[in-house]
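**Student:** If you scroll down you'll find the structure; I have some questions about it.
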Amino acid sequence: MLQLPLIREHQNEIIGSLKKRNIEAAPLVEKVLQLDEERRALQTKLDATLAESNKLSKEIGNLFKSGKAQEATVLKEKTGTLKEESKLLGDDLNTVVKALQDLLYQIPNIPHSSVPAGSTDADNEEVFREGDIPDLIAGALPHWELAKKYDIIDFELGVKISGAGFPVYKGKGARLQRALIAYFLDKNAAAGYTEMQVPHLVNEASGYATGQLPDKEGQMYHVGEDDLYLIPTAEVPVTNLLRGEIVDQKEFPICYTAYTPCFRREAGSYGAHVRGLNRLHQFDKVEIVRAEHPNNSYQALDGMVEHIKDILRELKLPFRVLRLCGGDLGFTAALTFDFEVFSTAQDRWLEISSVSNFETYQANRLKLRFKDEQGKSQLAHTLNGSSLALPRVLAGLLENYQTEDGIEIPEVLRSYCGFDRID
RNA sequence: GGAGGAAUGGCAGAGUGGUCGAAUGCACUAGUCUUGAAAACUAGCGAGGGUCACACCUCCGGGGGUUCGAAUCCCUCUUCCUCCGCCA
């Protein structure tokens, strides 16, 4: 959520920046400012009424104490009208505040100045590429066929138990999955991220604070009976660890990592692009989350990008990094880098990580603040990134490491797996 | 699931209808003293709105109510604790 004072002072810049998202924000912003003005006017009126009524109440108390019940009774009548007035004003104020809130929820974050204009993923800007695309054997298979051939992932079995999009990992497939989780967590811990284990179901307040609600209500599984949401990413519970906190700025950077399953309803879209592991209702992911001083957040973002590059180098997967264009940028992000691994057998790039700086947008909803040198509260910056999403890493590994008679395991993973090939 | 108790500032903890945004202690910050530190002493020290700055307003787990007036009384929800039951 954008901060109101910022909108007040930089109305035109904000409208200009949001054009990069292909959003015509002028009417929205105007309405916000209008409501904000109404809000302040009502608040001032209400405050004055309450002040008057407070004053009278004190007088009445004093009159009673000095035995002047008669005079007190006269004053009492006056407070009656004030009370009615303040009730009405309070109701009006609530209505305006609610409307204002709803509007603010509809305004996405302001894109960083480096975000390229554009409307689709075709307009994303490639900023880095590394790793050789392997020459695969003749008749190289996509991962869903490899999974079947070596009996390591069973999609049909998952359909029986739950439905499409819930794969069952078997034998070496399951072990490789566990190895990847352990490896990612170890890498993140070595880079200074504190490992956390967090709930996989969250309440509504958490969903609002990180921005999944009300924007992406339909993407999350909702447990109606208990009014809880299955997490679509560890970002939600992990970032919410800091909700409502006022931290000492000496504590920055605050760095967390967590492995969780992720649950996504992901309505629609069938065909080759969602085959196999490409798109699932449940998948595993290791996430990194940071809270930073505003002065450091972009440096931190670069650090996170380098960290993920390092992991992909160790896995020896060919990858590229994209700077997302305005049209592809998530609602809450100011700047996002996507990582994509080249899946040779599918002949396409697969998104395996998304690293973003949210600046104060999430922090404003979270109410995550710190005390600056003047002792004033200021919103922190939050960032997060996948390091990494398992299914597509697995897809890339299976497809790029296949040989005639088996799948090689990358060297860094062998000690985690306890085997060096799947055959 | 049943019975009882509780929720107050970073922490501990007083406050049971008015002068309470809230005693006191600890922690923290600044200063004095000291070669330096500790101790001692002095001062400051919750959050939000509002204002050029004051004033002023709101917040004692959340919501609602009673009252001229609520941290304090009532209703309700949530959470925690104790005991019983069940249980990985």
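Residue numbering restarts at 1 for every chain of the structure tokens, chains are lettered A, B, ... in their displayed order, and ligands are numbered from 1 as they appear.
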Env of Glu126 (chain A): 8 Å cut, atoms = only C-alpha atoms (C1' of nucleotides), seq-sep filter 5 positions within chain, self excluded. Answer as an MDAnalysis selection string.

**Tutor:** chainID A and resid 320:323

**Student:** Deliver the residues from the most recent selection as a file, using N, CA, C and O atoms, as a PDB file, in the first residue's frame.

**Tutor:**
ATOM      1  N   ARG A 320      19.236 -17.476 -17.279  1.00  0.00           N
ATOM      2  CA  ARG A 320      19.300 -16.060 -17.594  1.00  0.00           C
ATOM      3  C   ARG A 320      18.501 -15.282 -16.539  1.00  0.00           C
ATOM      4  O   ARG A 320      17.669 -15.849 -15.827  1.00  0.00           O
ATOM      5  N   VAL A 321      18.795 -13.997 -16.465  1.00  0.00           N
ATOM      6  CA  VAL A 321      18.111 -13.134 -15.510  1.00  0.00           C
ATOM      7  C   VAL A 321      17.385 -12.047 -16.287  1.00  0.00           C
ATOM      8  O   VAL A 321      17.959 -11.442 -17.190  1.00  0.00           O
ATOM      9  N   LEU A 322      16.121 -11.848 -15.936  1.00  0.00           N
ATOM     10  CA  LEU A 322      15.314 -10.847 -16.616  1.00  0.00           C
ATOM     11  C   LEU A 322      14.906  -9.755 -15.655  1.00  0.00           C
ATOM     12  O   LEU A 322      14.570 -10.033 -14.504  1.00  0.00           O
ATOM     13  N   ARG A 323      14.941  -8.545 -16.151  1.00  0.00           N
ATOM     14  CA  ARG A 323      14.352  -7.438 -15.399  1.00  0.00           C
ATOM     15  C   ARG A 323      12.927  -7.295 -15.907  1.00  0.00           C
ATOM     16  O   ARG A 323      12.713  -7.039 -17.088  1.00  0.00           O
TER      17      ARG A 323
END

**Student:** With chain B as the partner and 8 Å as the cut-off, tabulate the residues of chain A that qualify, each row holding the nearest pair of atoms and their distance in Å to one decimal, using only C-alpha atoms (C1' of nucleotides), sorted by chain and rising number, as a tab-separated table.

**Tutor:**
residue	atom	partner	partner_atom	distance
A:Thr44	CA	B:G50	C1'	7.5
A:Leu46	CA	B:C57	C1'	8.0
A:Asp47	CA	B:C57	C1'	4.7
A:Ala48	CA	B:C56	C1'	7.3
A:Leu50	CA	B:C57	C1'	7.3
A:Ala51	CA	B:C56	C1'	6.9
A:Asn54	CA	B:G69	C1'	7.9
A:Leu56	CA	B:C68	C1'	7.5
A:Ser57	CA	B:C68	C1'	5.3
A:Lys58	CA	B:G18	C1'	6.8
A:Ile60	CA	B:C68	C1'	6.5
A:Gly61	CA	B:G18	C1'	5.9
A:Leu75	CA	B:C68	C1'	7.5
A:Lys76	CA	B:C68	C1'	4.8
A:Glu77	CA	B:C68	C1'	7.9
A:Thr79	CA	B:C68	C1'	6.2
A:Gly80	CA	B:C68	C1'	7.7

**Student:** Could you write out, as a ChimeraX atom specification, all the residues of region 26-230 of chain A that DSSP marks as strand (DSSP E)?

**Tutor:** /A:125-130,153-154,168-169,194-196,201-202,222-223,228-230

**Student:** From a DSSP calculation on the backbone, collect every residue of region 334-403 of chain A in alpha helix (DSSP H) and output the set as number ranges by chain.

**Tutor:** A: 360-366, 390-400

**Student:** Keeping only N, CA, C and O atoms, write the selected residues as a PDB file, in the first residue's frame.

**Tutor:**
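Output below, filename result-v7.pdb:
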ATOM      1  N   THR A 360       8.599   0.170   0.509  1.00  0.00           N
ATOM      2  CA  THR A 360       7.770   0.283   1.716  1.00  0.00           C
ATOM      3  C   THR A 360       6.350  -0.250   1.507  1.00  0.00           C
ATOM      4  O   THR A 360       5.533  -0.182   2.408  1.00  0.00           O
ATOM      5  N   TYR A 361       6.098  -0.783   0.309  1.00  0.00           N
ATOM      6  CA  TYR A 361       4.714  -1.136  -0.013  1.00  0.00           C
ATOM      7  C   TYR A 361       4.149  -2.198   0.940  1.00  0.00           C
ATOM      8  O   TYR A 361       3.062  -2.039   1.485  1.00  0.00           O
ATOM      9  N   GLN A 362       4.911  -3.267   1.121  1.00  0.00           N
ATOM     10  CA  GLN A 362       4.472  -4.300   2.060  1.00  0.00           C
ATOM     11  C   GLN A 362       4.595  -3.801   3.494  1.00  0.00           C
ATOM     12  O   GLN A 362       3.728  -4.055   4.324  1.00  0.00           O
ATOM     13  N   ALA A 363       5.699  -3.124   3.768  1.00  0.00           N
ATOM     14  CA  ALA A 363       5.961  -2.661   5.135  1.00  0.00           C
ATOM     15  C   ALA A 363       4.832  -1.769   5.629  1.00  0.00           C
ATOM     16  O   ALA A 363       4.498  -1.781   6.811  1.00  0.00           O
ATOM     17  N   ASN A 364       4.236  -1.021   4.714  1.00  0.00           N
ATOM     18  CA  ASN A 364       3.132  -0.149   5.098  1.00  0.00           C
ATOM     19  C   ASN A 364       1.925  -0.960   5.540  1.00  0.00           C
ATOM     20  O   ASN A 364       1.239  -0.608   6.491  1.00  0.00           O
ATOM     21  N   ARG A 365       1.687  -2.067   4.852  1.00  0.00           N
ATOM     22  CA  ARG A 365       0.579  -2.918   5.279  1.00  0.00           C
ATOM     23  C   ARG A 365       0.961  -3.697   6.522  1.00  0.00           C
ATOM     24  O   ARG A 365       0.139  -3.946   7.394  1.00  0.00           O
ATOM     25  N   LEU A 366       2.206  -4.102   6.575  1.00  0.00           N
ATOM     26  CA  LEU A 366       2.693  -4.883   7.720  1.00  0.00           C
ATOM     27  C   LEU A 366       2.822  -4.024   8.964  1.00  0.00           C
ATOM     28  O   LEU A 366       2.827  -4.525  10.068  1.00  0.00           O
ATOM     29  N   LEU A 390      11.290 -25.683  -6.387  1.00  0.00           N
ATOM     30  CA  LEU A 390      11.800 -27.018  -6.672  1.00  0.00           C
ATOM     31  C   LEU A 390      11.378 -27.638  -8.009  1.00  0.00           C
ATOM     32  O   LEU A 390      12.221 -28.178  -8.716  1.00  0.00           O
ATOM     33  N   PRO A 391      10.103 -27.596  -8.366  1.00  0.00           N
ATOM     34  CA  PRO A 391       9.687 -28.420  -9.508  1.00  0.00           C
ATOM     35  C   PRO A 391      10.414 -28.069 -10.795  1.00  0.00           C
ATOM     36  O   PRO A 391      10.827 -28.951 -11.541  1.00  0.00           O
ATOM     37  N   ARG A 392      10.585 -26.788 -11.030  1.00  0.00           N
ATOM     38  CA  ARG A 392      11.201 -26.418 -12.303  1.00  0.00           C
ATOM     39  C   ARG A 392      12.708 -26.612 -12.282  1.00  0.00           C
ATOM     40  O   ARG A 392      13.313 -26.853 -13.317  1.00  0.00           O
ATOM     41  N   VAL A 393      13.294 -26.505 -11.093  1.00  0.00           N
ATOM     42  CA  VAL A 393      14.708 -26.861 -10.988  1.00  0.00           C
ATOM     43  C   VAL A 393      14.856 -28.338 -11.306  1.00  0.00           C
ATOM     44  O   VAL A 393      15.743 -28.754 -12.071  1.00  0.00           O
ATOM     45  N   LEU A 394      13.948 -29.109 -10.726  1.00  0.00           N
ATOM     46  CA  LEU A 394      13.979 -30.551 -10.956  1.00  0.00           C
ATOM     47  C   LEU A 394      13.782 -30.858 -12.443  1.00  0.00           C
ATOM     48  O   LEU A 394      14.507 -31.679 -13.021  1.00  0.00           O
ATOM     49  N   ALA A 395      12.828 -30.162 -13.052  1.00  0.00           N
ATOM     50  CA  ALA A 395      12.584 -30.364 -14.490  1.00  0.00           C
ATOM     51  C   ALA A 395      13.856 -30.067 -15.280  1.00  0.00           C
ATOM     52  O   ALA A 395      14.265 -30.838 -16.154  1.00  0.00           O
ATOM     53  N   GLY A 396      14.486 -28.943 -14.936  1.00  0.00           N
ATOM     54  CA  GLY A 396      15.712 -28.560 -15.639  1.00  0.00           C
ATOM     55  C   GLY A 396      16.814 -29.582 -15.430  1.00  0.00           C
ATOM     56  O   GLY A 396      17.535 -29.936 -16.372  1.00  0.00           O
ATOM     57  N   LEU A 397      16.947 -30.053 -14.210  1.00  0.00           N
ATOM     58  CA  LEU A 397      17.992 -31.040 -13.921  1.00  0.00           C
ATOM     59  C   LEU A 397      17.758 -32.323 -14.699  1.00  0.00           C
ATOM     60  O   LEU A 397      18.677 -32.862 -15.335  1.00  0.00           O
ATOM     61  N   LEU A 398      16.536 -32.809 -14.641  1.00  0.00           N
ATOM     62  CA  LEU A 398      16.236 -34.079 -15.314  1.00  0.00           C
ATOM     63  C   LEU A 398      16.502 -33.957 -16.808  1.00  0.00           C
ATOM     64  O   LEU A 398      17.129 -34.826 -17.416  1.00  0.00           O
ATOM     65  N   GLU A 399      16.046 -32.869 -17.378  1.00  0.00           N
ATOM     66  CA  GLU A 399      16.140 -32.737 -18.833  1.00  0.00           C
ATOM     67  C   GLU A 399      17.567 -32.454 -19.294  1.00  0.00           C
ATOM     68  O   GLU A 399      18.034 -33.029 -20.277  1.00  0.00           O
ATOM     69  N   ASN A 400      18.275 -31.609 -18.559  1.00  0.00           N
ATOM     70  CA  ASN A 400      19.618 -31.229 -19.007  1.00  0.00           C
ATOM     71  C   ASN A 400      20.683 -32.249 -18.618  1.00  0.00           C
ATOM     72  O   ASN A 400      21.752 -32.273 -19.210  1.00  0.00           O
TER      73      ASN A 400
END

**Student:** For Ile107 (chain A), which residue among A:Gly211, A:Pro5, A:Gly406, A:Gly139 is the nearest when counting only C-alpha atoms?

**Tutor:**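 Looking only at the distances to Ile107 (chain A), the closest residue turns out to be A:Gly211.
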
**Student:** Name the residues in contact with U82 (chain B) at a cut-off of 12 Å, using only C-alpha atoms (C1' of nucleotides), excluding same-chain residues fewer than 5 positions from it; report them as a ChimeraX atom specification.

**Tutor:** /B:3-6

**Student:** Go ahead and write the selection's residues with N, CA, C and O atoms (P, O5', C5', C4', C3', O3' and C1' of nucleotides) as an mmCIF file, in the first residue's frame.

**Tutor:**
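The resulting file, out16.cif, is shown below:
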data_model
loop_
_atom_site.group_PDB
_atom_site.id
_atom_site.type_symbol
_atom_site.label_atom_id
_atom_site.label_comp_id
_atom_site.auth_asym_id
_atom_site.auth_seq_id
_atom_site.Cartn_x
_atom_site.Cartn_y
_atom_site.Cartn_z
ATOM 1 P P A B 3 -18.284 -25.841 30.577
ATOM 2 O "O5'" A B 3 -17.394 -25.808 31.893
ATOM 3 C "C5'" A B 3 -17.853 -26.419 33.091
ATOM 4 C "C4'" A B 3 -16.828 -26.252 34.186
ATOM 5 C "C3'" A B 3 -16.289 -24.836 34.368
ATOM 6 O "O3'" A B 3 -17.162 -23.990 35.082
ATOM 7 C "C1'" A B 3 -14.485 -26.346 34.354
ATOM 8 P P G B 4 -17.067 -22.415 34.798
ATOM 9 O "O5'" G B 4 -15.664 -22.025 35.431
ATOM 10 C "C5'" G B 4 -15.563 -21.563 36.769
ATOM 11 C "C4'" G B 4 -14.116 -21.530 37.173
ATOM 12 C "C3'" G B 4 -13.365 -20.250 36.845
ATOM 13 O "O3'" G B 4 -13.632 -19.207 37.759
ATOM 14 C "C1'" G B 4 -12.048 -22.087 36.199
ATOM 15 P P G B 5 -13.707 -17.712 37.179
ATOM 16 O "O5'" G B 5 -12.184 -17.307 36.948
ATOM 17 C "C5'" G B 5 -11.306 -17.176 38.067
ATOM 18 C "C4'" G B 5 -9.878 -17.066 37.595
ATOM 19 C "C3'" G B 5 -9.538 -15.843 36.753
ATOM 20 O "O3'" G B 5 -9.332 -14.674 37.513
ATOM 21 C "C1'" G B 5 -8.610 -17.761 35.750
ATOM 22 P P A B 6 -9.707 -13.268 36.878
ATOM 23 O "O5'" A B 6 -8.578 -13.068 35.768
ATOM 24 C "C5'" A B 6 -7.255 -12.723 36.147
ATOM 25 C "C4'" A B 6 -6.302 -12.911 34.999
ATOM 26 C "C3'" A B 6 -6.319 -11.830 33.919
ATOM 27 O "O3'" A B 6 -5.555 -10.705 34.285
ATOM 28 C "C1'" A B 6 -6.261 -13.978 32.919
#

**Student:** What's the 7 Å shell around Lys172 (chain A), counting only C-alpha atoms (C1' of nucleotides), without same-chain residues fewer than 3 positions away, as a PDB file with C-alpha atoms, in the first residue's frame?

**Tutor:**
ATOM      1  CA  ILE A 152      10.544 -41.146  -9.886  1.00  0.00           C
ATOM      2  CA  ARG A 175      15.187 -38.280  -2.204  1.00  0.00           C
ATOM      3  CA  LEU A 176      16.384 -35.814  -4.834  1.00  0.00           C
ATOM      4  CA  ILE A 422      19.137 -42.131 -11.488  1.00  0.00           C
TER       5      ILE A 422
END
